[in-house]
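One file, my_file.pdb, carrying PDB, C-alpha atoms:
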ATOM      1  CA  MET A 335    -138.715 118.976 138.257
ATOM      2  CA  THR A 336    -138.686 115.184 137.889
ATOM      3  CA  ARG A 337    -138.655 113.351 134.569
ATOM      4  CA  ARG A 338    -142.320 112.499 135.102
ATOM      5  CA  GLY A 339    -143.052 116.142 135.846
ATOM      6  CA  TRP A 340    -141.401 117.257 132.624
ATOM      7  CA  LEU A 341    -143.327 114.639 130.642
ATOM      8  CA  LEU A 342    -146.636 115.833 132.099
ATOM      9  CA  PHE A 343    -145.649 119.465 131.507
ATOM     10  CA  VAL A 344    -144.779 118.915 127.840
ATOM     11  CA  THR A 345    -148.003 116.957 127.370
ATOM     12  CA  MET A 346    -150.080 119.842 128.720
ATOM     13  CA  CYS A 347    -148.237 122.334 126.518
ATOM     14  CA  VAL A 348    -149.386 120.347 123.492
ATOM     15  CA  VAL A 349    -152.890 119.150 124.431
ATOM     16  CA  TRP A 350    -154.071 122.625 125.447
ATOM     17  CA  GLY A 351    -152.282 124.282 122.535
ATOM     18  CA  ILE A 352    -153.997 122.330 119.754
ATOM     19  CA  PRO A 353    -157.739 122.938 120.464
ATOM     20  CA  TYR A 354    -157.704 126.120 118.364
ATOM     21  CA  LEU A 355    -156.546 124.191 115.290
ATOM     22  CA  LEU A 356    -159.100 121.430 115.907
ATOM     23  CA  ILE A 357    -161.975 123.889 116.417
ATOM     24  CA  LYS A 358    -161.037 125.699 113.207
ATOM     25  CA  VAL A 359    -161.255 122.429 111.279
ATOM     26  CA  ALA A 360    -164.425 121.208 113.018
ATOM     27  CA  VAL A 361    -166.518 124.317 112.359
ATOM     28  CA  ARG A 362    -166.142 123.739 108.623
ATOM     29  CA  ASP A 363    -168.950 121.156 108.803
ATOM     30  CA  LEU A 364    -170.401 121.513 112.315
ATOM     31  CA  SER A 365    -172.275 124.381 113.901
ATOM     32  CA  PRO A 366    -170.660 125.799 117.068
ATOM     33  CA  VAL A 367    -173.594 124.461 119.121
ATOM     34  CA  SER A 368    -173.141 120.937 117.788
ATOM     35  CA  LEU A 369    -169.388 121.097 118.312
ATOM     36  CA  VAL A 370    -169.742 122.103 121.971
ATOM     37  CA  PHE A 371    -172.264 119.321 122.510
ATOM     38  CA  PHE A 372    -170.073 116.621 120.985
ATOM     39  CA  ARG A 373    -166.980 117.905 122.770
ATOM     40  CA  THR A 374    -168.594 117.919 126.211
ATOM     41  CA  GLY A 375    -170.753 114.852 125.619
ATOM     42  CA  ILE A 376    -167.920 112.562 124.551
ATOM     43  CA  ALA A 377    -165.635 113.873 127.312
ATOM     44  CA  ALA A 378    -168.393 113.381 129.890
ATOM     45  CA  LEU A 379    -168.923 109.786 128.751
ATOM     46  CA  LEU A 380    -165.245 109.176 129.490
ATOM     47  CA  LEU A 381    -164.860 111.076 132.769
ATOM     48  CA  VAL A 382    -168.188 110.521 134.529
ATOM     49  CA  PRO A 383    -167.670 106.752 134.974
ATOM     50  CA  VAL A 384    -164.200 107.414 136.429
ATOM     51  CA  ALA A 385    -165.583 110.026 138.818
ATOM     52  CA  VAL A 386    -168.462 107.742 139.829
ATOM     53  CA  ALA A 387    -166.093 104.821 140.451
ATOM     54  CA  ARG A 388    -164.036 107.032 142.759
ATOM     55  CA  GLY A 389    -167.111 108.330 144.559
ATOM     56  CA  GLN A 390    -166.396 111.884 143.381
ATOM     57  CA  PHE A 391    -169.377 112.573 141.116
ATOM     58  CA  LEU A 392    -172.591 112.806 143.144
ATOM     59  CA  PRO A 393    -171.102 114.743 146.111
ATOM     60  CA  VAL A 394    -170.460 117.815 143.942
ATOM     61  CA  PHE A 395    -174.189 118.212 143.235
ATOM     62  CA  ARG A 396    -174.739 119.184 146.859
ATOM     63  CA  ARG A 397    -173.572 122.597 145.665
ATOM     64  CA  TRP A 398    -175.436 122.582 142.404
ATOM     65  CA  ARG A 399    -175.913 126.354 142.211
ATOM     66  CA  PRO A 400    -172.210 127.332 142.041
ATOM     67  CA  LEU A 401    -171.630 124.225 139.917
ATOM     68  CA  VAL A 402    -174.130 125.455 137.329
ATOM     69  CA  VAL A 403    -172.676 128.968 137.398
ATOM     70  CA  TYR A 404    -169.167 127.577 136.952
ATOM     71  CA  THR A 405    -170.311 125.395 134.059
ATOM     72  CA  VAL A 406    -171.908 128.345 132.271
ATOM     73  CA  VAL A 407    -168.991 130.724 132.863
ATOM     74  CA  GLU A 408    -166.123 128.311 132.215
ATOM     75  CA  MET A 409    -167.490 125.970 129.534
ATOM     76  CA  ALA A 410    -170.952 126.584 128.083
ATOM     77  CA  VAL A 411    -170.560 130.219 127.047
ATOM     78  CA  PRO A 412    -166.800 130.432 126.303
ATOM     79  CA  TRP A 413    -166.653 127.256 124.225
ATOM     80  CA  LEU A 414    -169.626 128.364 122.139
ATOM     81  CA  LEU A 415    -168.263 131.860 121.531
ATOM     82  CA  LEU A 416    -164.779 130.509 120.846
ATOM     83  CA  SER A 417    -166.169 128.159 118.205
ATOM     84  CA  ARG A 418    -168.199 130.970 116.642
ATOM     85  CA  ALA A 419    -165.175 133.271 116.614
ATOM     86  CA  GLU A 420    -163.114 130.681 114.764
ATOM     87  CA  GLU A 421    -165.634 130.765 111.929
ATOM     88  CA  ARG A 422    -164.229 134.245 111.226
ATOM     89  CA  LEU A 423    -160.848 134.489 112.960
ATOM     90  CA  SER A 424    -157.698 132.440 112.470
ATOM     91  CA  SER A 425    -156.796 129.788 115.010
ATOM     92  CA  SER A 426    -153.513 131.628 115.600
ATOM     93  CA  LEU A 427    -155.255 134.840 116.595
ATOM     94  CA  THR A 428    -157.773 133.142 118.881
ATOM     95  CA  GLY A 429    -155.003 131.211 120.608
ATOM     96  CA  LEU A 430    -153.030 134.384 121.207
ATOM     97  CA  LEU A 431    -156.048 136.320 122.456
ATOM     98  CA  VAL A 432    -156.842 133.586 124.989
ATOM     99  CA  ALA A 433    -153.277 134.028 126.253
ATOM    100  CA  ALA A 434    -154.515 137.295 127.759
ATOM    101  CA  VAL A 435    -156.541 135.378 130.370
ATOM    102  CA  PRO A 436    -153.788 135.645 133.028
ATOM    103  CA  LEU A 437    -153.850 139.428 132.607
ATOM    104  CA  VAL A 438    -157.581 139.579 133.301
ATOM    105  CA  GLY A 439    -157.100 137.119 136.143
ATOM    106  CA  ALA A 440    -154.475 139.345 137.741
ATOM    107  CA  VAL A 441    -156.797 142.360 137.644
ATOM    108  CA  LEU A 442    -159.739 140.286 138.829
ATOM    109  CA  ALA A 443    -157.803 138.905 141.784
ATOM    110  CA  ARG A 444    -156.929 142.409 142.864
ATOM    111  CA  THR A 445    -160.507 143.684 142.600
ATOM    112  CA  THR A 446    -162.110 140.704 144.340
ATOM    113  CA  GLY A 447    -160.246 140.659 147.597
ATOM    114  CA  ASP A 448    -156.697 139.527 146.847
ATOM    115  CA  ARG A 449    -154.675 141.701 149.215
ATOM    116  CA  GLU A 450    -151.326 141.018 147.640
ATOM    117  CA  ARG A 451    -149.643 144.288 146.778
ATOM    118  CA  LEU A 452    -149.798 145.168 143.100
ATOM    119  CA  GLU A 453    -146.092 145.914 142.845
ATOM    120  CA  PRO A 454    -144.511 147.868 139.961
ATOM    121  CA  ARG A 455    -143.368 144.734 138.142
ATOM    122  CA  ARG A 456    -146.926 143.416 137.946
ATOM    123  CA  ILE A 457    -148.272 146.800 136.842
ATOM    124  CA  VAL A 458    -145.691 146.870 134.054
ATOM    125  CA  GLY A 459    -146.721 143.335 133.098
ATOM    126  CA  LEU A 460    -150.371 144.342 132.828
ATOM    127  CA  LEU A 461    -149.506 147.322 130.649
ATOM    128  CA  VAL A 462    -147.223 145.267 128.420
ATOM    129  CA  GLY A 463    -149.858 142.557 128.050
ATOM    130  CA  ILE A 464    -152.562 145.074 127.199
ATOM    131  CA  GLY A 465    -150.196 146.505 124.613
ATOM    132  CA  GLY A 466    -149.805 143.021 123.155
ATOM    133  CA  VAL A 467    -153.543 142.562 122.810
ATOM    134  CA  ALA A 468    -153.776 146.011 121.214
ATOM    135  CA  ALA A 469    -151.058 145.000 118.750
ATOM    136  CA  LEU A 470    -152.849 141.757 117.887
ATOM    137  CA  VAL A 471    -156.103 143.567 117.216
ATOM    138  CA  GLY A 472    -155.002 147.011 116.097
ATOM    139  CA  LEU A 473    -152.370 146.160 113.518
ATOM    140  CA  ASP A 474    -154.749 143.824 111.692
ATOM    141  CA  LEU A 475    -157.939 145.723 112.482
ATOM    142  CA  GLY A 476    -158.981 146.015 108.864
ATOM    143  CA  SER A 477    -159.104 142.231 108.442
ATOM    144  CA  VAL A 478    -160.565 141.315 111.836
ATOM    145  CA  ASP A 479    -164.255 140.630 112.421
ATOM    146  CA  LEU A 480    -165.340 142.916 115.266
ATOM    147  CA  PRO A 481    -168.282 140.795 116.544
ATOM    148  CA  SER A 482    -165.905 137.845 116.791
ATOM    149  CA  LEU A 483    -163.494 139.991 118.781
ATOM    150  CA  GLY A 484    -166.330 140.897 121.121
ATOM    151  CA  GLY A 485    -167.082 137.216 121.577
ATOM    152  CA  MET A 486    -163.430 136.534 122.348
ATOM    153  CA  ALA A 487    -163.502 139.261 124.992
ATOM    154  CA  VAL A 488    -166.326 137.377 126.721
ATOM    155  CA  VAL A 489    -164.333 134.143 126.405
ATOM    156  CA  ILE A 490    -161.303 135.722 128.076
ATOM    157  CA  VAL A 491    -163.366 137.138 130.944
ATOM    158  CA  GLY A 492    -165.167 133.818 131.394
ATOM    159  CA  TYR A 493    -161.890 131.896 131.577
ATOM    160  CA  ALA A 494    -160.666 134.359 134.201
ATOM    161  CA  VAL A 495    -163.854 134.349 136.302
ATOM    162  CA  GLY A 496    -164.338 130.568 136.234
ATOM    163  CA  PRO A 497    -161.380 129.724 138.494
ATOM    164  CA  VAL A 498    -162.528 132.358 140.994
ATOM    165  CA  ILE A 499    -165.920 130.643 141.306
ATOM    166  CA  LEU A 500    -164.189 127.293 141.482
ATOM    167  CA  SER A 501    -161.760 128.253 144.231
ATOM    168  CA  ARG A 502    -164.315 130.111 146.349
ATOM    169  CA  SER A 503    -167.344 127.837 146.071
ATOM    170  CA  LEU A 504    -166.108 124.453 144.834
ATOM    171  CA  GLY A 505    -162.439 124.380 145.763
ATOM    172  CA  ASP A 506    -162.778 121.810 148.546
ATOM    173  CA  LEU A 507    -164.637 119.336 146.344
ATOM    174  CA  PRO A 508    -162.915 116.624 144.240
ATOM    175  CA  ALA A 509    -161.587 118.298 141.113
ATOM    176  CA  LEU A 510    -162.349 115.313 138.885
ATOM    177  CA  GLY A 511    -165.941 115.243 140.146
ATOM    178  CA  VAL A 512    -166.410 118.950 139.459
ATOM    179  CA  VAL A 513    -165.077 118.720 135.907
ATOM    180  CA  ALA A 514    -167.029 115.538 135.088
ATOM    181  CA  ALA A 515    -170.256 117.022 136.458
ATOM    182  CA  SER A 516    -169.697 120.293 134.597
ATOM    183  CA  LEU A 517    -169.103 118.493 131.313
ATOM    184  CA  ALA A 518    -172.224 116.395 131.820
ATOM    185  CA  LEU A 519    -174.351 119.434 132.669
ATOM    186  CA  CYS A 520    -173.039 121.318 129.634
ATOM    187  CA  ALA A 521    -173.736 118.402 127.304
ATOM    188  CA  VAL A 522    -177.276 117.948 128.633
ATOM    189  CA  GLY A 523    -177.942 121.667 128.308
ATOM    190  CA  TYR A 524    -176.798 121.742 124.681
ATOM    191  CA  LEU A 525    -178.511 118.507 123.634
ATOM    192  CA  PRO A 526    -181.888 119.948 122.498
ATOM    193  CA  PHE A 527    -180.204 122.736 120.528
ATOM    194  CA  ALA A 528    -177.611 120.435 118.974
ATOM    195  CA  LEU A 529    -180.311 118.064 117.727
ATOM    196  CA  THR A 530    -181.779 120.854 115.593
ATOM    197  CA  GLN A 531    -178.398 121.796 114.110
ATOM    198  CA  LEU A 532    -176.943 118.459 113.107
ATOM    199  CA  PRO A 533    -175.260 118.455 109.681
ATOM    200  CA  ALA A 534    -177.257 117.151 106.751
ATOM    201  CA  ALA A 535    -174.473 114.714 105.837
ATOM    202  CA  VAL A 536    -171.786 112.911 107.784
ATOM    203  CA  PRO A 537    -168.820 115.271 108.178
ATOM    204  CA  GLY A 538    -165.547 114.463 106.476
ATOM    205  CA  PRO A 539    -162.774 112.433 108.108
ATOM    206  CA  ALA A 540    -160.797 115.539 109.099
ATOM    207  CA  VAL A 541    -163.774 117.021 110.944
ATOM    208  CA  LEU A 542    -164.629 113.764 112.708
ATOM    209  CA  ALA A 543    -161.013 113.299 113.762
ATOM    210  CA  SER A 544    -160.886 116.881 115.038
ATOM    211  CA  VAL A 545    -164.004 116.406 117.170
ATOM    212  CA  LEU A 546    -162.709 113.155 118.671
ATOM    213  CA  LEU A 547    -159.297 114.632 119.422
ATOM    214  CA  LEU A 548    -160.876 117.742 120.910
ATOM    215  CA  ALA A 549    -163.176 115.723 123.180
ATOM    216  CA  VAL A 550    -160.903 112.829 124.124
ATOM    217  CA  VAL A 551    -157.410 114.339 124.147
ATOM    218  CA  CYS A 552    -157.946 118.072 124.696
ATOM    219  CA  THR A 553    -160.761 117.723 127.229
ATOM    220  CA  ALA A 554    -161.023 114.345 128.983
ATOM    221  CA  VAL A 555    -157.375 113.262 128.918
ATOM    222  CA  ALA A 556    -156.119 116.821 129.349
ATOM    223  CA  PHE A 557    -157.911 117.279 132.673
ATOM    224  CA  LEU A 558    -156.605 113.946 133.970
ATOM    225  CA  VAL A 559    -153.040 114.836 132.962
ATOM    226  CA  PHE A 560    -153.448 118.257 134.509
ATOM    227  CA  PHE A 561    -154.502 116.766 137.850
ATOM    228  CA  ALA A 562    -151.413 114.522 137.727
ATOM    229  CA  LEU A 563    -149.218 117.535 136.952
ATOM    230  CA  ILE A 564    -150.611 119.427 139.948
ATOM    231  CA  ALA A 565    -149.880 116.443 142.186
ATOM    232  CA  GLU A 566    -146.363 116.171 140.796
ATOM    233  CA  VAL A 567    -145.143 119.782 140.784
ATOM    234  CA  GLY A 568    -147.741 121.769 142.732
ATOM    235  CA  PRO A 569    -150.478 124.165 141.572
ATOM    236  CA  SER A 570    -148.283 127.215 140.967
ATOM    237  CA  ARG A 571    -145.583 125.614 138.838
ATOM    238  CA  SER A 572    -148.188 123.612 136.932
ATOM    239  CA  LEU A 573    -149.577 126.823 135.395
ATOM    240  CA  VAL A 574    -146.359 127.660 133.540
ATOM    241  CA  PHE A 575    -147.538 125.671 130.515
ATOM    242  CA  THR A 576    -150.173 128.353 129.824
ATOM    243  CA  TYR A 577    -147.352 130.543 128.515
ATOM    244  CA  VAL A 578    -146.369 127.902 125.930
ATOM    245  CA  ASN A 579    -149.845 127.111 124.553
ATOM    246  CA  PRO A 580    -150.017 130.215 122.303
ATOM    247  CA  ALA A 581    -146.758 129.242 120.603
ATOM    248  CA  VAL A 582    -148.224 125.821 119.839
ATOM    249  CA  ALA A 583    -151.446 127.398 118.525
ATOM    250  CA  VAL A 584    -149.583 129.808 116.245
ATOM    251  CA  THR A 585    -147.175 127.167 114.952
ATOM    252  CA  LEU A 586    -149.955 124.716 114.088
ATOM    253  CA  GLY A 587    -152.059 127.419 112.458
ATOM    254  CA  VAL A 588    -149.199 128.602 110.262
ATOM    255  CA  VAL A 589    -147.851 125.151 109.348
ATOM    256  CA  LEU A 590    -151.050 123.111 108.949
ATOM    257  CA  LEU A 591    -153.644 125.728 107.980
ATOM    258  CA  ASN A 592    -151.366 128.112 106.088
ATOM    259  CA  GLU A 593    -152.428 131.016 108.281
ATOM    260  CA  PRO A 594    -150.301 134.125 107.786
ATOM    261  CA  LEU A 595    -147.606 134.953 110.314
ATOM    262  CA  THR A 596    -148.149 138.711 110.365
ATOM    263  CA  LEU A 597    -146.242 141.491 112.064
ATOM    264  CA  ALA A 598    -149.172 141.866 114.461
ATOM    265  CA  THR A 599    -148.938 138.195 115.413
ATOM    266  CA  GLY A 600    -145.223 138.409 116.128
ATOM    267  CA  ILE A 601    -145.358 141.619 118.156
ATOM    268  CA  GLY A 602    -148.552 140.683 119.968
ATOM    269  CA  PHE A 603    -147.289 137.218 120.868
ATOM    270  CA  VAL A 604    -144.127 138.521 122.511
ATOM    271  CA  LEU A 605    -145.903 141.302 124.409
ATOM    272  CA  VAL A 606    -148.805 139.154 125.655
ATOM    273  CA  ILE A 607    -146.547 136.365 126.916
ATOM    274  CA  VAL A 608    -144.027 138.695 128.562
ATOM    275  CA  GLY A 609    -146.834 140.732 130.100
ATOM    276  CA  SER A 610    -148.610 137.632 131.404
ATOM    277  CA  VAL A 611    -145.448 136.294 133.031
ATOM    278  CA  LEU A 612    -144.685 139.625 134.718
ATOM    279  CA  ALA A 613    -148.266 140.236 135.832
ATOM    280  CA  THR A 614    -148.900 136.808 137.312
ATOM    281  CA  ARG A 615    -145.536 135.713 138.660
ATOM    282  CA  ARG A 616    -145.344 135.819 142.419
ATOM    283  CA  PRO A 617    -142.391 135.333 144.765
ATOM    284  CA  GLY A 618    -142.107 131.687 145.751
ATOM    285  CA  PRO A 619    -142.466 132.015 149.562
ATOM    286  CA  ARG A 620    -145.625 134.095 149.233
ATOM    287  CA  ASP A 621    -147.289 131.950 146.578
ATOM    288  CA  PRO A 622    -150.584 130.594 147.916
ATOM    289  CA  ALA A 623    -149.890 126.933 147.193
ATOM    290  CA  GLY A 624    -153.208 125.881 148.601
ATOM    291  CA  ARG A 625    -155.205 127.209 145.654
ATOM    292  CA  LYS A 626    -155.353 123.919 143.835
ATOM    293  CA  ALA A 627    -158.369 124.980 141.794
ATOM    294  CA  VAL A 628    -156.866 128.070 140.224
ATOM    295  CA  GLY A 629    -155.590 126.326 137.126
ATOM    296  CA  LEU A 630    -158.755 124.601 135.951
ATOM    297  CA  THR A 631    -159.307 126.784 132.942
ATOM    298  CA  ASN A 632    -159.166 126.402 129.488
ATOM    299  CA  ARG A 633    -159.003 125.470 126.756
TER
END

Same coordinates, now as structure tokens:
Amino acid sequence: MTRRGWLLFVTMCVVWGIPYLLIKVAVRDLSPVSLVFFRTGIAALLLVPVAVARGQFLPVFRRWRPLVVYTVVEMAVPWLLLSRAEERLSSSLTGLLVAAVPLVGAVLARTTGDRERLEPRRIVGLLVGIGGVAALVGLDLGSVDLPSLGGMAVVIVGYAVGPVILSRSLGDLPALGVVAASLALCAVGYLPFALTQLPAAVPGPAVLASVLLLAVVCTAVAFLVFFALIAEVGPSRSLVFTYVNPAVAVTLGVVLLNEPLTLATGIGFVLVIVGSVLATRRPGPRDPAGRKAVGLTNR
């Protein structure tokens, strides 16, 4: 990997590892609905003009149906449920649970037409990863809010299904145009609900800073950096940073928010990451490098 590739890689490891901390801070003064609106609205204001200038915005609306479905599955529902979950769960736990997305993606690919053989190594990876999720939830079950866990399950499935819709129905469209249009649609959809849930007073500096960082750095800038990373190292290698994000989320939660580093967190982290790597790693020659849309998930 080139020096530029490493710089882009490290940047992605950070910018998609810190949203969980920022969401945890933001929901202190903002409702989840308002947070999603401000996150998508500010990011759309930044990305839509760029997409329009490049002629990549309006063409994506020719397929407005899959675009709307993608927006709902990948952004509108997951980001709302993730914000609601962080009202009850620690940022460390939510970050680790989202790390299970590759496991769901591996199963989903197999059940939706991916003919690649599910070899023993990948089966072991799935089992190990499932064991990691069980450790995260089971060992701390007494202190975990079950409705929030249910919401996180929907988030994980949404993050896994979104790229499938993207690659099958929108994969040949400009990626920047798809993301900008999705952010704009999500913001417009949340606008009437957000207006009824605005805070009575101006949020504190920490909350305002968290919202701006979440929208500008973790959403708008992150997607632009991610596109550059794909161009630099290819779609398959660009996804490796998803295995580092949970470590960033846990570290920030423990250091900045004084969240406990429990036995469940330690065991679950190791098992989920190892399981995800085993379940999703494919031999180089057989890796479908043409799936440039597969990584547009998260965060």

The PyMOL selection byres ((chain A and resi 512) around 10) on the file shown: which residues, as a PyMOL selection string? chain A and resi 382+385+390-395+401+404-405+500+504-505+507-511+513-518

To one decimal in Å, tell me the separation between atom CA of A:Gly600 and atom CA of A:Pro366. 28.4 Å

State, in Å with one decimal place, the distance from atom CA of A:Val541 to atom CA of A:Ala360.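 Straight-line distance from atom CA of A:Val541 to atom CA of A:Ala360 works out to 4.7 Å.
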
Rounded to one decimal in Å, what is the spacing between atom CA of A:Arg422 and atom CA of A:Glu593?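 Computed distance, atom CA of A:Arg422 to atom CA of A:Glu593, equals 12.6 Å.
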
Which residue is closest to A:Thr553? Choose from A:Pro400, A:Pro580, A:Gly351, A:Pro383 and count only C-alpha atoms. A:Gly351

Can you find the residues with an atom no farther than 9 Å from (-151.1, 123.9, 114.1), counting all atoms listed in the file, and report them as a list of chain:residue names?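 Protein and nucleic acid residues near the point are A:Gly351, A:Ile352, A:Tyr354, A:Leu355, A:Leu356, A:Ser425, A:Ser426, A:Val582, A:Ala583, A:Val584, A:Thr585, A:Leu586, A:Gly587, A:Val588, A:Val589, A:Leu590, A:Leu591.
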
Extract, using only C-alpha atoms, all DNA, RNA and protein residues at most 12 Å from A:Val555, discarding same-chain residues fewer than 2 positions from it, and format them as number ranges by chain. A: 342, 345-346, 348-350, 376-378, 380-381, 384, 510, 513-514, 546-553, 557-562

Ranking A:Ile607, A:Val367, A:Ala487, A:Cys347 by minimum distance to A:Thr530 and counting only C-alpha atoms, which one comes first? A:Val367

May I have the residues within 10 Å of A:Arg362 as a PDB file with C-alpha atoms, in the coordinates of the input, using all atoms listed in the file and disregarding those fewer than 4 positions away in the same chain?
ATOM      1  CA  ILE A 357    -161.975 123.889 116.417  1.00  0.00           C
ATOM      2  CA  LYS A 358    -161.037 125.699 113.207  1.00  0.00           C
ATOM      3  CA  PRO A 366    -170.660 125.799 117.068  1.00  0.00           C
ATOM      4  CA  GLU A 420    -163.114 130.681 114.764  1.00  0.00           C
ATOM      5  CA  GLU A 421    -165.634 130.765 111.929  1.00  0.00           C
ATOM      6  CA  PRO A 537    -168.820 115.271 108.178  1.00  0.00           C
ATOM      7  CA  GLY A 538    -165.547 114.463 106.476  1.00  0.00           C
ATOM      8  CA  ALA A 540    -160.797 115.539 109.099  1.00  0.00           C
ATOM      9  CA  VAL A 541    -163.774 117.021 110.944  1.00  0.00           C
TER      10      VAL A 541
END

What lies within 9 Å of A:Val488 using all atoms listed in the file, ignoring chain neighbours under 6 positions off, as an MDAnalysis selection string? chainID A and resid 411:412 415

Write out as a list in words each polymer residue whose atoms come within 10 Å of A:Ala433, counting all atoms listed in the file; drop sequence neighbours fewer than 2 positions from it.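 That gives Leu427, Thr428, Gly429, Leu430, Leu431, Val435, Pro436, Leu437, Val438, Gly463, Val467, Ile490, Thr576, Tyr577, Val578, Asn579, Pro580, Ala581, Phe603, Val606, Ile607 and Ser610 of chain A.
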
From the list A:Ser501, A:Tyr493, A:Ala565, A:Trp398, which residue is nearest A:Gly339 when using all atoms listed in the file?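 Smallest separation from A:Gly339 among the options: A:Ala565.
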
If you apply the PyMOL selection byres ((chain A and resi 369) around 9) to this file, what residues do you get, as number ranges by chain? A: 357, 360-361, 364-368, 370-374, 413-414, 417, 528, 545

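The residue that comes closest to A:Leu480, out of A:Ile601, A:Glu408, A:Ala419, A:Leu542 and on the basis of only C-alpha atoms, is A:Ala419.
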